[in-house]
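Q: The following file, protein.tsv, comprises TSV, C-alpha atoms:
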chain	number	residue	atom	x	y	z
B	16	MET	CA	-4.87	-12.53	-31.34
B	17	ARG	CA	-8.32	-12.71	-29.74
B	18	LYS	CA	-7.42	-15.94	-27.96
B	19	LEU	CA	-4.29	-14.31	-26.61
B	20	THR	CA	-6.28	-11.35	-25.39
B	21	VAL	CA	-8.74	-13.62	-23.63
B	22	LEU	CA	-5.93	-15.66	-22.09
B	23	LEU	CA	-4.20	-12.56	-20.82
B	24	THR	CA	-7.48	-11.28	-19.40
B	25	LEU	CA	-7.95	-14.53	-17.52
B	26	ILE	CA	-4.40	-14.67	-16.18
B	27	THR	CA	-4.38	-11.04	-15.12
B	28	GLY	CA	-7.70	-11.36	-13.40
B	29	CYS	CA	-6.75	-14.54	-11.56
B	30	ALA	CA	-3.38	-13.13	-10.48
B	31	ALA	CA	-5.00	-10.01	-9.14
B	32	PHE	CA	-7.35	-12.06	-6.93
B	33	TYR	CA	-4.46	-12.80	-4.67
B	34	SER	CA	-3.84	-9.13	-4.08
B	35	CYS	CA	-7.19	-8.67	-2.36
B	36	GLY	CA	-7.86	-8.70	1.32
B	37	VAL	CA	-7.02	-6.47	4.26
B	38	GLU	CA	-5.41	-8.24	7.19
B	39	GLY	CA	-4.24	-7.34	10.64
B	40	CYS	CA	-5.86	-5.71	13.61
B	41	ASP	CA	-5.76	-1.94	13.99
B	42	GLU	CA	-8.16	-1.83	16.91
B	43	PRO	CA	-7.01	-1.06	20.47
B	44	MET	CA	-7.22	-4.41	22.25
B	45	SER	CA	-7.20	-3.31	25.87
B	46	VAL	CA	-10.37	-2.58	27.80
B	47	ASN	CA	-9.64	-0.65	31.00
B	48	ALA	CA	-11.58	1.52	33.38
B	49	GLY	CA	-10.16	5.04	33.19
B	50	VAL	CA	-9.81	6.40	36.74
B	51	THR	CA	-9.05	10.11	37.12
B	52	PHE	CA	-8.03	11.90	40.34
B	53	VAL	CA	-9.84	15.18	41.01
B	54	ASN	CA	-10.09	17.73	43.82
B	55	LYS	CA	-13.30	18.86	45.53
B	56	GLN	CA	-13.98	21.24	42.65
B	57	THR	CA	-13.71	18.27	40.27
B	58	GLN	CA	-10.54	19.68	38.73
B	59	PRO	CA	-7.90	17.09	37.70
B	60	ILE	CA	-5.01	16.84	40.14
B	61	ALA	CA	-1.72	14.95	40.20
B	62	LEU	CA	-1.08	12.80	43.24
B	63	THR	CA	2.41	12.71	44.71
B	64	GLU	CA	2.83	8.94	44.60
B	65	VAL	CA	0.41	6.07	44.02
B	66	THR	CA	0.66	2.30	44.19
B	67	VAL	CA	-2.27	0.25	42.83
B	68	SER	CA	-2.85	-3.48	43.35
B	69	GLY	CA	-5.73	-5.73	42.36
B	70	ILE	CA	-7.22	-7.75	45.21
B	71	GLY	CA	-6.97	-11.41	44.23
B	72	ALA	CA	-4.70	-10.88	41.24
B	73	PRO	CA	-2.13	-13.66	40.83
B	74	ASN	CA	1.65	-13.39	41.14
B	75	ASP	CA	2.87	-9.81	41.22
B	76	SER	CA	-0.40	-8.01	41.67
B	77	ILE	CA	1.06	-4.50	41.69
B	78	LEU	CA	-0.30	-2.69	38.65
B	79	TYR	CA	1.23	0.73	39.40
B	80	ASN	CA	4.26	0.71	41.70
B	81	ALA	CA	4.98	3.97	43.48
B	82	VAL	CA	4.35	6.04	40.40
B	83	LYS	CA	4.85	9.75	40.98
B	84	ASN	CA	2.75	12.72	39.84
B	85	VAL	CA	-0.13	10.54	38.73
B	86	LYS	CA	-3.25	12.14	37.26
B	87	SER	CA	-5.05	8.95	36.25
B	88	VAL	CA	-4.74	5.18	36.15
B	89	ASP	CA	-6.19	2.52	33.85
B	90	LEU	CA	-7.62	-0.49	35.63
B	91	PRO	CA	-8.37	-3.82	33.91
B	92	LEU	CA	-11.54	-5.43	35.22
B	93	ARG	CA	-12.14	-9.13	35.71
B	94	ILE	CA	-13.92	-10.88	32.83
B	95	THR	CA	-15.17	-13.92	34.76
B	96	SER	CA	-16.69	-11.86	37.55
B	97	GLU	CA	-18.83	-8.74	37.82
B	98	LYS	CA	-16.91	-7.26	40.71
B	99	THR	CA	-13.28	-6.11	40.81
B	100	SER	CA	-11.46	-4.63	43.78
B	101	TYR	CA	-8.31	-2.54	43.91
B	102	VAL	CA	-6.22	-1.21	46.76
B	103	PHE	CA	-4.74	2.28	46.33
B	104	LYS	CA	-1.74	3.24	48.44
B	105	PHE	CA	-1.34	7.01	48.46
B	106	LYS	CA	1.68	8.94	49.66
B	107	ALA	CA	0.69	12.02	51.64
B	108	THR	CA	2.28	14.50	54.02
B	109	ASN	CA	1.20	14.73	57.63
B	110	PRO	CA	0.36	18.44	58.10
B	111	ASP	CA	1.37	18.35	61.76
B	112	THR	CA	4.73	16.58	61.52
B	113	GLN	CA	5.48	17.26	57.82
B	114	GLU	CA	6.43	13.60	57.53
B	115	ASP	CA	5.49	11.42	54.61
B	116	VAL	CA	2.78	8.88	55.37
B	117	TYR	CA	1.13	6.16	53.29
B	118	ILE	CA	-2.64	5.81	53.35
B	119	ASN	CA	-4.59	2.93	51.82
B	120	ASP	CA	-8.06	3.06	50.27
B	121	THR	CA	-10.00	0.23	48.67
B	122	LEU	CA	-12.25	0.64	45.62
B	123	HIS	CA	-14.82	-2.05	44.76
B	124	ILE	CA	-16.19	-1.76	41.22
B	125	ASN	CA	-19.51	-3.45	40.34
B	126	TYR	CA	-20.40	-3.85	36.67
B	127	THR	CA	-21.81	-6.13	33.97
B	128	ASN	CA	-19.80	-7.79	31.19
B	129	LEU	CA	-20.57	-7.88	27.48
B	130	ASN	CA	-18.67	-9.90	24.89
B	131	HIS	CA	-17.90	-7.95	21.74
B	132	PHE	CA	-16.56	-9.66	18.60
B	133	ILE	CA	-14.54	-7.39	16.29
B	134	SER	CA	-12.89	-9.44	13.56
B	135	GLU	CA	-10.93	-12.60	12.86
B	136	ASP	CA	-7.61	-10.86	13.46
B	137	CYS	CA	-8.70	-8.82	16.47
B	138	GLY	CA	-10.87	-11.48	18.07
B	139	CYS	CA	-13.26	-10.68	20.87
B	140	LEU	CA	-13.10	-8.21	23.74
B	141	VAL	CA	-15.10	-7.99	26.94
B	142	TYR	CA	-16.75	-4.61	27.42
B	143	HIS	CA	-18.13	-3.52	30.79
B	144	THR	CA	-20.96	-1.32	32.04
B	145	LEU	CA	-20.40	0.22	35.45
B	146	LYS	CA	-23.21	-0.23	37.98
B	147	SER	CA	-21.93	1.03	41.32
B	148	LEU	CA	-18.83	1.79	43.38
B	149	GLU	CA	-17.98	0.99	46.99
B	150	TYR	CA	-14.95	2.51	48.67
B	151	THR	CA	-13.20	3.34	51.89
B	152	LYS	CA	-12.67	6.98	52.85
B	153	HIS	CA	-9.28	7.17	54.52
B	154	LEU	CA	-7.75	9.69	52.14
B	155	LEU	CA	-10.41	9.39	49.48
B	156	ASP	CA	-13.40	11.73	49.81
B	157	SER	CA	-15.74	10.10	47.30
B	158	ALA	CA	-15.92	8.17	44.02
B	159	TYR	CA	-18.24	8.76	41.06
B	160	ILE	CA	-19.16	6.98	37.88
B	161	TYR	CA	-18.50	9.55	35.14
B	162	GLN	CA	-18.97	7.36	32.03
B	163	PRO	CA	-20.39	3.89	32.68
B	164	GLU	CA	-19.51	2.29	29.32
B	165	ILE	CA	-16.01	0.79	29.29
B	166	THR	CA	-14.83	-0.19	25.81
B	167	ASN	CA	-11.54	-0.20	23.93
B	168	LYS	CA	-11.91	3.57	23.41
B	169	TYR	CA	-10.24	5.36	26.31
B	170	VAL	CA	-12.50	7.64	28.31
B	171	GLN	CA	-12.69	8.78	31.93
B	172	ASN	CA	-14.99	6.28	33.59
B	173	ILE	CA	-14.47	6.90	37.30
B	174	LEU	CA	-13.58	10.05	39.23
B	175	LEU	CA	-11.84	9.72	42.60
B	176	LYS	CA	-12.31	12.91	44.56
B	177	PHE	CA	-9.82	14.03	47.28
A	287	MET	CA	0.14	-0.90	-6.06
A	288	TYR	CA	0.49	-3.96	-8.23
A	289	LYS	CA	-3.29	-4.19	-8.51
A	290	ILE	CA	-3.10	-0.89	-10.37
A	291	PHE	CA	-0.26	-2.30	-12.42
A	292	PHE	CA	-2.34	-5.36	-13.35
A	293	LEU	CA	-5.30	-3.22	-14.26
A	294	SER	CA	-3.27	-0.75	-16.31
A	295	PHE	CA	-1.39	-3.53	-18.03
A	296	SER	CA	-4.57	-5.36	-18.97
A	297	PHE	CA	-6.21	-2.18	-20.18
A	298	ILE	CA	-3.28	-1.18	-22.38
A	299	TYR	CA	-2.93	-4.70	-23.71
A	300	LEU	CA	-6.63	-4.95	-24.46
A	301	LEU	CA	-6.54	-1.71	-26.38
A	302	SER	CA	-3.46	-2.62	-28.36
A	303	ALA	CA	-4.79	-6.09	-29.14
A	304	ALA	CA	-8.10	-4.70	-30.23
A	305	THR	CA	-6.40	-2.08	-32.38
A	306	VAL	CA	-4.19	-4.63	-34.11
A	307	GLU	CA	-7.17	-6.88	-34.61
A	308	ALA	CA	-9.23	-4.04	-36.01
A	309	GLN	CA	-6.46	-3.11	-38.43
A	310	THR	CA	-6.14	-6.72	-39.56
A	311	LYS	CA	-9.85	-7.06	-40.11
A	312	ALA	CA	-10.00	-3.71	-41.88
A	313	GLN	CA	-7.60	-5.10	-44.45
A	314	GLN	CA	-9.64	-8.27	-44.81
A	315	ALA	CA	-13.23	-7.07	-44.92
A	316	PRO	CA	-15.20	-3.86	-44.61
A	317	VAL	CA	-16.47	-3.07	-41.11
A	318	ALA	CA	-20.21	-2.70	-40.68
A	319	PRO	CA	-21.21	0.86	-39.76
A	320	VAL	CA	-22.22	1.59	-36.19
A	321	ASP	CA	-25.92	2.13	-35.71
A	322	SER	CA	-25.60	5.35	-33.79
A	323	SER	CA	-29.33	6.03	-33.83
A	324	ALA	CA	-30.21	3.02	-31.63
A	325	VAL	CA	-30.74	3.89	-27.98
A	326	PHE	CA	-31.24	0.45	-26.57
A	327	ASN	CA	-28.45	-1.90	-27.60
A	328	GLY	CA	-29.04	-5.10	-25.77
A	329	LEU	CA	-29.59	-7.00	-22.56
A	330	PHE	CA	-26.82	-8.98	-20.86
A	331	VAL	CA	-27.00	-11.69	-18.23
A	332	SER	CA	-23.85	-12.52	-16.33
A	333	ALA	CA	-22.66	-14.76	-13.52
A	334	ASP	CA	-19.67	-14.32	-11.28
A	335	LEU	CA	-17.24	-17.22	-11.46
A	336	ALA	CA	-14.72	-15.94	-8.94
A	337	GLY	CA	-16.83	-16.67	-5.87
A	338	PRO	CA	-17.45	-20.37	-6.57
A	339	VAL	CA	-13.83	-20.88	-7.73
A	340	MET	CA	-12.42	-19.29	-4.59
A	341	TYR	CA	-14.84	-21.33	-2.49
A	342	ALA	CA	-13.58	-24.50	-4.19
A	343	PHE	CA	-10.03	-23.58	-3.15
A	344	ASN	CA	-10.63	-22.15	0.31
A	345	GLY	CA	-13.99	-23.57	1.30
A	346	ASP	CA	-14.65	-20.91	3.90
A	347	LYS	CA	-16.53	-18.12	2.13
A	348	LEU	CA	-19.00	-18.52	-0.73
A	349	GLN	CA	-20.30	-15.55	-2.63
A	350	THR	CA	-22.12	-16.18	-5.88
A	351	GLU	CA	-24.21	-13.81	-7.91
A	352	VAL	CA	-25.98	-13.10	-11.17
A	353	ALA	CA	-26.48	-9.75	-12.87
A	354	ILE	CA	-28.77	-8.28	-15.47
A	355	GLN	CA	-27.37	-5.40	-17.43
A	356	ALA	CA	-28.81	-3.28	-20.24
A	357	SER	CA	-26.90	-1.30	-22.81
A	358	PHE	CA	-27.94	2.18	-23.88
A	359	LYS	CA	-26.16	3.94	-26.70
A	360	ASN	CA	-23.42	1.33	-26.25
A	361	ARG	CA	-22.03	3.53	-23.48
A	362	PHE	CA	-24.30	3.32	-20.49
A	363	TYR	CA	-24.90	0.00	-18.75
A	364	PRO	CA	-27.34	0.10	-15.83
A	365	VAL	CA	-27.11	-3.10	-13.83
A	366	LEU	CA	-28.92	-5.10	-11.16
A	367	GLU	CA	-26.89	-7.67	-9.21
A	368	PHE	CA	-28.35	-10.33	-6.92
A	369	GLY	CA	-26.22	-12.64	-4.85
A	370	LEU	CA	-26.06	-15.23	-2.14
A	371	ALA	CA	-23.26	-15.51	0.38
A	372	LYS	CA	-22.36	-17.70	3.32
A	373	ALA	CA	-19.27	-18.30	5.40
A	374	GLU	CA	-17.81	-20.80	7.81
A	375	ILE	CA	-14.39	-19.66	8.88
A	376	ASP	CA	-12.18	-21.47	11.37
A	377	SER	CA	-9.89	-18.87	12.82
A	378	ASP	CA	-6.27	-19.41	13.77
A	379	GLU	CA	-7.34	-18.12	17.18
A	380	GLY	CA	-9.59	-21.14	17.59
A	381	PHE	CA	-13.07	-19.72	17.09
A	382	THR	CA	-15.50	-20.51	14.30
A	383	PHE	CA	-17.44	-17.82	12.46
A	384	LYS	CA	-20.55	-19.15	10.75
A	385	ALA	CA	-22.77	-16.90	8.58
A	386	LYS	CA	-25.97	-18.47	7.31
A	387	PRO	CA	-26.75	-18.13	3.58
A	388	SER	CA	-27.85	-14.53	3.07
A	389	MET	CA	-29.01	-12.48	0.10
A	390	TYR	CA	-27.53	-9.25	-1.11
A	391	PHE	CA	-28.47	-6.76	-3.78
A	392	ARG	CA	-26.58	-4.13	-5.74
A	393	THR	CA	-27.61	-1.66	-8.37
A	394	GLY	CA	-25.60	0.84	-10.35
A	395	LEU	CA	-24.27	1.95	-13.69
A	396	ASP	CA	-21.23	1.17	-15.82
A	397	TYR	CA	-19.85	3.54	-18.40
A	398	ALA	CA	-17.86	2.17	-21.35
A	399	ILE	CA	-14.81	4.41	-21.55
A	400	VAL	CA	-13.27	2.42	-24.38
A	401	ARG	CA	-15.11	-0.04	-26.62
A	402	LYS	CA	-13.79	-1.84	-29.63
A	403	GLN	CA	-14.62	-5.06	-31.44
A	404	GLY	CA	-17.08	-6.08	-28.74
A	405	ASN	CA	-14.45	-5.52	-26.03
A	406	MET	CA	-14.67	-2.73	-23.57
A	407	PHE	CA	-13.02	-1.06	-20.63
A	408	PHE	CA	-15.52	0.39	-18.22
A	409	MET	CA	-15.90	2.16	-14.94
A	410	GLY	CA	-18.97	2.31	-12.78
A	411	LEU	CA	-20.61	2.73	-9.43
A	412	ARG	CA	-22.70	0.40	-7.28
A	413	TYR	CA	-24.92	0.84	-4.26
A	414	GLY	CA	-25.44	-2.34	-2.25
A	415	VAL	CA	-27.54	-3.60	0.63
A	416	SER	CA	-27.02	-6.89	2.41
A	417	ARG	CA	-28.18	-8.68	5.50
A	418	SER	CA	-26.46	-11.39	7.47
A	419	ASN	CA	-27.33	-13.80	10.27
A	420	TYR	CA	-24.30	-15.27	11.97
A	421	ASP	CA	-22.94	-17.06	15.01
A	422	ILE	CA	-19.45	-17.18	16.49
A	423	TYR	CA	-18.41	-20.24	18.48
A	424	ASN	CA	-15.59	-21.08	20.88
A	425	ILE	CA	-14.12	-17.65	21.39
A	426	THR	CA	-11.34	-17.81	23.96
A	427	GLN	CA	-10.85	-14.67	25.97
A	428	TYR	CA	-7.85	-13.81	28.12
A	429	ASN	CA	-7.16	-11.30	30.83
A	430	ASP	CA	-3.43	-11.27	31.48
A	431	TYR	CA	-3.44	-9.19	34.64
A	432	TRP	CA	-6.12	-11.22	36.39
A	433	GLY	CA	-4.90	-14.50	34.89
A	434	GLU	CA	-8.37	-15.34	33.61
A	435	THR	CA	-9.46	-17.38	30.61
A	436	GLN	CA	-12.97	-18.14	29.40
A	437	VAL	CA	-14.60	-19.60	26.29
A	438	VAL	CA	-17.82	-18.01	25.03
A	439	ASP	CA	-20.23	-18.20	22.09
A	440	ILE	CA	-21.91	-15.18	20.49
A	441	LEU	CA	-25.10	-16.38	18.84
A	442	ASN	CA	-28.07	-15.12	16.79
A	443	GLN	CA	-26.42	-12.00	15.47
A	444	LYS	CA	-28.36	-10.15	12.76
A	445	ALA	CA	-27.13	-7.09	10.91
A	446	THR	CA	-27.70	-5.06	7.76
A	447	ALA	CA	-25.08	-3.15	5.79
A	448	GLN	CA	-25.19	-0.45	3.14
A	449	PHE	CA	-22.18	0.15	0.95
A	450	ALA	CA	-20.91	1.54	-2.35
A	451	GLN	CA	-18.42	0.21	-4.86
A	452	VAL	CA	-16.33	2.01	-7.44
A	453	VAL	CA	-15.85	-0.44	-10.28
A	454	ALA	CA	-13.27	-0.67	-13.07
A	455	GLY	CA	-13.04	-3.62	-15.40
A	456	ILE	CA	-12.76	-5.08	-18.83
A	457	ARG	CA	-15.03	-7.34	-20.87
A	458	VAL	CA	-13.83	-9.34	-23.85
A	459	LYS	CA	-15.92	-10.95	-26.53
A	460	ILE	CA	-15.16	-14.65	-26.87
A	461	ILE	CA	-17.65	-15.74	-29.45
A	462	GLU	CA	-20.89	-14.24	-30.72
A	463	ASN	CA	-22.99	-13.12	-27.72
A	464	LEU	CA	-20.56	-14.58	-25.16
A	465	TYR	CA	-18.12	-12.51	-23.11
A	466	LEU	CA	-15.58	-12.94	-20.35
A	467	GLY	CA	-14.40	-10.18	-18.10
A	468	TRP	CA	-13.20	-9.14	-14.71
A	469	ASP	CA	-13.44	-6.09	-12.58
A	470	VAL	CA	-11.88	-4.72	-9.45
A	471	ARG	CA	-14.12	-3.01	-6.93
A	472	TYR	CA	-13.14	-0.49	-4.33
A	473	ASN	CA	-15.50	-0.86	-1.39
A	474	LEU	CA	-16.84	1.98	0.69
A	475	LEU	CA	-18.87	1.02	3.74
A	476	PHE	CA	-21.68	3.43	4.56
A	477	SER	CA	-23.23	1.81	7.61
A	478	THR	CA	-23.83	-1.40	9.48
A	479	THR	CA	-26.36	-2.18	12.17
A	480	LYS	CA	-24.89	-1.37	15.56
A	481	GLN	CA	-24.93	-4.48	17.67
A	482	PRO	CA	-23.76	-4.71	21.26
A	483	GLU	CA	-22.10	-8.10	20.89
A	484	SER	CA	-20.38	-7.94	17.54
A	485	ARG	CA	-19.33	-5.91	14.57
A	486	MET	CA	-20.68	-7.06	11.19
A	487	TRP	CA	-17.42	-8.59	10.09
A	488	PHE	CA	-18.51	-10.60	7.04
A	489	ILE	CA	-20.76	-8.55	4.75
A	490	PRO	CA	-22.41	-10.44	1.88
A	491	GLY	CA	-21.69	-8.73	-1.43
A	492	TYR	CA	-18.98	-6.61	0.14
A	493	GLY	CA	-16.50	-8.95	1.74
A	494	ILE	CA	-14.63	-8.75	4.99
A	495	ASN	CA	-15.11	-5.65	7.11
A	496	ASN	CA	-11.82	-5.18	8.92
A	497	ASN	CA	-11.68	-2.07	11.10
A	498	ASN	CA	-14.71	-0.50	9.38
A	499	SER	CA	-12.36	0.46	6.57
A	500	SER	CA	-12.58	0.35	2.83
A	501	GLY	CA	-11.16	-2.54	0.85
A	502	THR	CA	-11.15	-4.13	-2.55
A	503	MET	CA	-12.76	-7.15	-4.12
A	504	MET	CA	-12.61	-8.68	-7.55
A	505	GLN	CA	-15.03	-10.48	-9.78
A	506	PHE	CA	-14.62	-12.62	-12.83
A	507	GLN	CA	-17.73	-12.81	-14.98
A	508	ILE	CA	-19.07	-14.80	-17.85
A	509	THR	CA	-21.66	-12.80	-19.73
A	510	TYR	CA	-24.26	-13.76	-22.29
A	511	LYS	CA	-25.97	-11.21	-24.50
A	512	LEU	CA	-29.57	-12.12	-25.08
A	513	PRO	CA	-29.73	-12.34	-28.88
A	514	PHE	CA	-33.24	-11.00	-29.33
A	515	PHE	CA	-32.63	-7.60	-27.74
A	516	GLY	CA	-30.87	-4.71	-29.41
A	517	LYS	CA	-27.86	-4.46	-31.63
A	518	GLU	CA	-24.33	-4.80	-30.46
A	519	PHE	CA	-21.72	-2.21	-31.22
A	520	LYS	CA	-18.93	-3.09	-33.61
Please go through the file and, once you have read it, give me the structure as structure tokens.

A:
Amino acid sequence: MRKLTVLLTLITGCAAFYSCGVEGCDEPMSVNAGVTFVNKQTQPIALTEVTVSGIGAPNDSILYNAVKNVKSVDLPLRITSEKTSYVFKFKATNPDTQEDVYINDTLHINYTNLNHFISEDCGCLVYHTLKSLEYTKHLLDSAYIYQPEITNKYVQNILLKF
Amino acid sequence: MYKIFFLSFSFIYLLSAATVEAQTKAQQAPVAPVDSSAVFNGLFVSADLAGPVMYAFNGDKLQTEVAIQASFKNRFYPVLEFGLAKAEIDSDEGFTFKAKPSMYFRTGLDYAIVRKQGNMFFMGLRYGVSRSNYDIYNITQYNDYWGETQVVDILNQKATAQFAQVVAGIRVKIIENLYLGWDVRYNLLFSTTKQPESRMWFIPGYGINNNNSSGTMMQFQITYKLPFFGKEFK
């Protein structure tokens, strides 16, 4: 009986080994700069219509295509460079003629990159730290860095003031 | 769920086997009385066999350890566990994770819930500390929108972890002073060193840290009771 007990102990233990281990990736795997549109009082606003394209992006470079009532956009930054540029095409109304017009602004984002390994299943992400912004001021009033650290946790990183 | 089934099944079987055995022996010979007055009942030295066996099969992670455990009143078993772990894991994604041999340490207490004929079912707690030095090679990164790809290495990473384990297991007497047993451990990660370039993914003495979550690990021990310390329970 003792031998049987020992044998069962061994078999049960060995079988249970195969039940161990947690697999899969539950982490968010996108790292984007969160860009929020605000008014002069820094209150969030929704823009009538926005189209966003990355300068130098291959193929169809339109990231947001004439999206209406937009309060924010998420912009992926380049991982092999420390500067990324986007063109924003805003739809606005001419106050004199009441006609719809489209106005372009360009946003240049300067930052540093940091590799960040998570796990075997998730792999490695590239985090960014914002350094400075350059922009045109056709419709845009100003741009601010709100939270410089860009990780896989969504936050507002950049405020575009109108 | 079937881990619980395995554990419950083993526990019930162990009890029933021990009971039958006790009844058989009771018919054959009188059982020696338990020395209930003794406080210190022995010193045990054990080694984990699961780590080396799994390493022989997989060859990617080695975790081997020894433990010293005392017995008080045949119920309380304070324990010190020392181990060594290393890893070299080739990922399906193409990168290689290499952790240099690192030490870990655990301390805690087991409580014998059921004990019979030298066998016992126990539960316990552990507190562990471990340190790891590791490198990750050939990580390929993609950026779909920008159409970019790059291969990077993350080197010279050093981190420390603190964790706890809730332990449940059985130990069976094979011959005089020699035991075999296994336990299942539910891991709870307290903290790891925050590093900018990596999360402490492989934690010696704990296992894989996926998503900073809890997990389980198992051990299979061979235990020797030092014959010149204390008296064993019957």

Q: Could you jot down the atom CA of Val365 of chain A to atom CA of Phe391 of chain A separation for me, Å, one decimal place?

A: 10.8 Å

Q: So the first atom is atom CA of Trp487 of chain A and the second is atom CA of Gly337 of chain A; what is the distance between them in Å, to one decimal place?

A: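 Computing it gives 17.9 Å between the two atoms.
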
Q: Can you work out which residues from chain A touch chain B at a cut-off of 6 Å (counting only C-alpha atoms) and hand them back as a PyMOL selection string?

A: chain A and resi 432+483-485+487

Q: Can you tell me, as a VMD selection string, what residues are no more than 7 Å from Ile456 of chain A when counting only C-alpha atoms, ignoring any on the same chain fewer than 4 positions away?

A: chain A and resid 406 to 408 467 to 469

Q: Quick one: distance from atom CA of His143 of chain B to atom CA of Thr127 of chain B in Å, one decimal?

A: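 Computing the Euclidean distance for atom CA of His143 of chain B and atom CA of Thr127 of chain B yields 5.5 Å.
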
Q: Just the residues within 9 Å of Pro59 of chain B, please, counting only C-alpha atoms, with nothing from its chain fewer than 6 positions along; format it as a list of chain:residue names.

A: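 Here the answer would be B:Thr51, B:Phe52, B:Val53, B:Lys86, B:Ser87.
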
Q: Using only C-alpha atoms, which protein or nucleic acid residues come within 10 Å of Ala81 of chain B? Drop anything in the same chain fewer than 2 positions from it, and give the result as a PyMOL selection string.

A: chain B and resi 63-67+77-79+83-85+104-106

Q: Would you kindly return, as a VMD selection string, each protein, DNA or RNA residue with an atom no farther than 9 Å from any atom of segment 154-162 of chain B, considering all atoms listed in the file and excluding same-chain residues fewer than 6 positions away?

A: chain B and resid 55 105 107 118 to 120 122 144 to 148 170 to 177

Q: Which residues come within 10 Å of segment 350-358 of chain A, counting all atoms listed in the file, excluding same-chain residues fewer than 4 positions away, as a ChimeraX atom specification?

A: /A:324-339,341,362-372,389-398,490-491,505,507-511,515-519

Q: Print the selection's residues with C-alpha atoms to a file, as a PDB file, in the frame of the given file.

A:
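See selection28.pdb below for the written result:
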ATOM      1  CA  ALA A 324     -30.210   3.020 -31.630  1.00  0.00           C
ATOM      2  CA  VAL A 325     -30.740   3.890 -27.980  1.00  0.00           C
ATOM      3  CA  PHE A 326     -31.240   0.450 -26.570  1.00  0.00           C
ATOM      4  CA  ASN A 327     -28.450  -1.900 -27.600  1.00  0.00           C
ATOM      5  CA  GLY A 328     -29.040  -5.100 -25.770  1.00  0.00           C
ATOM      6  CA  LEU A 329     -29.590  -7.000 -22.560  1.00  0.00           C
ATOM      7  CA  PHE A 330     -26.820  -8.980 -20.860  1.00  0.00           C
ATOM      8  CA  VAL A 331     -27.000 -11.690 -18.230  1.00  0.00           C
ATOM      9  CA  SER A 332     -23.850 -12.520 -16.330  1.00  0.00           C
ATOM     10  CA  ALA A 333     -22.660 -14.760 -13.520  1.00  0.00           C
ATOM     11  CA  ASP A 334     -19.670 -14.320 -11.280  1.00  0.00           C
ATOM     12  CA  LEU A 335     -17.240 -17.220 -11.460  1.00  0.00           C
ATOM     13  CA  ALA A 336     -14.720 -15.940  -8.940  1.00  0.00           C
ATOM     14  CA  GLY A 337     -16.830 -16.670  -5.870  1.00  0.00           C
ATOM     15  CA  PRO A 338     -17.450 -20.370  -6.570  1.00  0.00           C
ATOM     16  CA  VAL A 339     -13.830 -20.880  -7.730  1.00  0.00           C
ATOM     17  CA  TYR A 341     -14.840 -21.330  -2.490  1.00  0.00           C
ATOM     18  CA  PHE A 362     -24.300   3.320 -20.490  1.00  0.00           C
ATOM     19  CA  TYR A 363     -24.900   0.000 -18.750  1.00  0.00           C
ATOM     20  CA  PRO A 364     -27.340   0.100 -15.830  1.00  0.00           C
ATOM     21  CA  VAL A 365     -27.110  -3.100 -13.830  1.00  0.00           C
ATOM     22  CA  LEU A 366     -28.920  -5.100 -11.160  1.00  0.00           C
ATOM     23  CA  GLU A 367     -26.890  -7.670  -9.210  1.00  0.00           C
ATOM     24  CA  PHE A 368     -28.350 -10.330  -6.920  1.00  0.00           C
ATOM     25  CA  GLY A 369     -26.220 -12.640  -4.850  1.00  0.00           C
ATOM     26  CA  LEU A 370     -26.060 -15.230  -2.140  1.00  0.00           C
ATOM     27  CA  ALA A 371     -23.260 -15.510   0.380  1.00  0.00           C
ATOM     28  CA  LYS A 372     -22.360 -17.700   3.320  1.00  0.00           C
ATOM     29  CA  MET A 389     -29.010 -12.480   0.100  1.00  0.00           C
ATOM     30  CA  TYR A 390     -27.530  -9.250  -1.110  1.00  0.00           C
ATOM     31  CA  PHE A 391     -28.470  -6.760  -3.780  1.00  0.00           C
ATOM     32  CA  ARG A 392     -26.580  -4.130  -5.740  1.00  0.00           C
ATOM     33  CA  THR A 393     -27.610  -1.660  -8.370  1.00  0.00           C
ATOM     34  CA  GLY A 394     -25.600   0.840 -10.350  1.00  0.00           C
ATOM     35  CA  LEU A 395     -24.270   1.950 -13.690  1.00  0.00           C
ATOM     36  CA  ASP A 396     -21.230   1.170 -15.820  1.00  0.00           C
ATOM     37  CA  TYR A 397     -19.850   3.540 -18.400  1.00  0.00           C
ATOM     38  CA  ALA A 398     -17.860   2.170 -21.350  1.00  0.00           C
ATOM     39  CA  PRO A 490     -22.410 -10.440   1.880  1.00  0.00           C
ATOM     40  CA  GLY A 491     -21.690  -8.730  -1.430  1.00  0.00           C
ATOM     41  CA  GLN A 505     -15.030 -10.480  -9.780  1.00  0.00           C
ATOM     42  CA  GLN A 507     -17.730 -12.810 -14.980  1.00  0.00           C
ATOM     43  CA  ILE A 508     -19.070 -14.800 -17.850  1.00  0.00           C
ATOM     44  CA  THR A 509     -21.660 -12.800 -19.730  1.00  0.00           C
ATOM     45  CA  TYR A 510     -24.260 -13.760 -22.290  1.00  0.00           C
ATOM     46  CA  LYS A 511     -25.970 -11.210 -24.500  1.00  0.00           C
ATOM     47  CA  PHE A 515     -32.630  -7.600 -27.740  1.00  0.00           C
ATOM     48  CA  GLY A 516     -30.870  -4.710 -29.410  1.00  0.00           C
ATOM     49  CA  LYS A 517     -27.860  -4.460 -31.630  1.00  0.00           C
ATOM     50  CA  GLU A 518     -24.330  -4.800 -30.460  1.00  0.00           C
ATOM     51  CA  PHE A 519     -21.720  -2.210 -31.220  1.00  0.00           C
TER      52      PHE A 519
END
